[in-house]
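Reading through the structure tokens given below for one structure.
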Amino acid sequence: MFRNLGRRVTCNFSNSRSASFGKNTKLNLPQFSQQKRGYAFSGRDEGPKLRNFLLVGLIGTGIFVLVVKRVDQEDPTKSLAKKKNSYSEEEWANLSVKRKQLVFKPEEADIYLVPYGSNSKIINNLKNKLEKKGQGEIKFIDLNNLIETQMSEPGTKYGQLLSETKENFDPNSKTCKYTFTYRLASGIFTKLISDELKNARSESPDIKQFVLLNYPNSIKEAVAFDRDVANTTKLVLTGDENKDDSIVDYFNTVDKVTTVNDL
């Protein structure tokens, strides 16, 4: 295996010289020296200059001003709210339409809200008043009936939620007979009313007058109705309201409160 170990071997190097070595021959390999490479730094290396910061600040301010102006142009409620603390009936209707596409446009139907609508005698009087207007069929929608239907009939959309959050039922209440815990999110009663209005309109497209009894039952529901469903024609008082009623105050700010006798 090591028979040829002692033979002389000739290697050709890049300098064309021949080198011979035997068993004890040592190779003299070329030595390479390592040189450290130095880097020169300029003595004038400076940080960010003040004028660069000022330039960035001016550009950012300019962009912010442009964005604010654009928002004011695209949001008509913003500029109007800055200039006015009260609105006429026509201004309020136009403003609501611009805010969002409603279920009913102002010209499509008259919608009367009766938050205290449990007095049948007064409601009949209201019906007679509206019939004299000669605008055709009148659709009455009672929030108490909608809630009862949701909780009593199986498979309804909100029945389980309403049943789980119901706090009290007062059969003698002159307004909404049901109260619920704080866990029930606001807007659900407006959704019930909205769905019923849509159903009524699909069944009878010629209905031009709607009366919503025992609704709105809170100021949040009143705001949600004006924002998402329709413009209120009038909030009708029946004489059973509390002296300092926030719902009445809300509609008073837009001059939309009336009584049955004044219709």
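So you can find residues: chains in the structure tokens are A, B, ... in the order shown, residues in each start at 1, and ligands are numbered from 1 in order.
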Nearby residues (only C-alpha atoms) at most 8 Å from region 222-238 of chain A, same-chain spacing under 2 positions excluded, as a VMD selection string = chain A and resid 93 96 99 to 106 110 to 117 122 187 190 194 216 to 220 240 to 241 247 to 248 251 256 to 260
Excluding Lys139 (chain A) and any residue of its chain fewer than 5 positions from it, enumerate the residues within 7 Å of it, using only C-alpha atoms, and give them as JSON, numbers by chain.
-> {"A": [209, 210, 211]}
Filtering to N, CA, C and O atoms, could you give me those residues as a PDB file, in the first residue's frame?
ATOM      1  N   GLN A 209     -98.999  57.005   5.314  1.00  0.00           N
ATOM      2  CA  GLN A 209     -98.967  57.467   6.702  1.00  0.00           C
ATOM      3  C   GLN A 209     -98.712  56.295   7.649  1.00  0.00           C
ATOM      4  O   GLN A 209     -99.409  55.285   7.592  1.00  0.00           O
ATOM      5  N   PHE A 210     -97.706  56.460   8.502  1.00  0.00           N
ATOM      6  CA  PHE A 210     -97.379  55.448   9.503  1.00  0.00           C
ATOM      7  C   PHE A 210     -97.392  56.096  10.884  1.00  0.00           C
ATOM      8  O   PHE A 210     -96.887  57.205  11.067  1.00  0.00           O
ATOM      9  N   VAL A 211     -97.961  55.367  11.844  1.00  0.00           N
ATOM     10  CA  VAL A 211     -97.980  55.816  13.233  1.00  0.00           C
ATOM     11  C   VAL A 211     -97.280  54.762  14.074  1.00  0.00           C
ATOM     12  O   VAL A 211     -97.709  53.596  14.114  1.00  0.00           O
TER      13      VAL A 211
END
If you count only C-alpha atoms, which residues fall within 7 Å of region 132-135 of chain A, apart from same-chain ones fewer than 3 positions away, as a VMD selection string?
-> chain A and resid 128 to 129 208
Backbone DSSP call of alpha helix (DSSP H) for region 167-245 of chain A, listed as a ChimeraX atom specification = /A:188-203,219-228
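We find CA of Gly159 (chain A) and CA of Ile147 (chain A) to be spaced 8.0 Å apart.
Here CA of Glu196 (chain A) is placed at a distance of 17.7 Å from CA of Pro154 (chain A).
Residues in contact with Phe180 (chain A) at 10 Å, where only C-alpha atoms are counted and same-chain residues fewer than 4 positions away are skipped, are listed as Leu162, Ser163, Glu164, Thr165, Lys166, Glu167, Asn168, Phe169, Leu184 and Ala185 of chain A.
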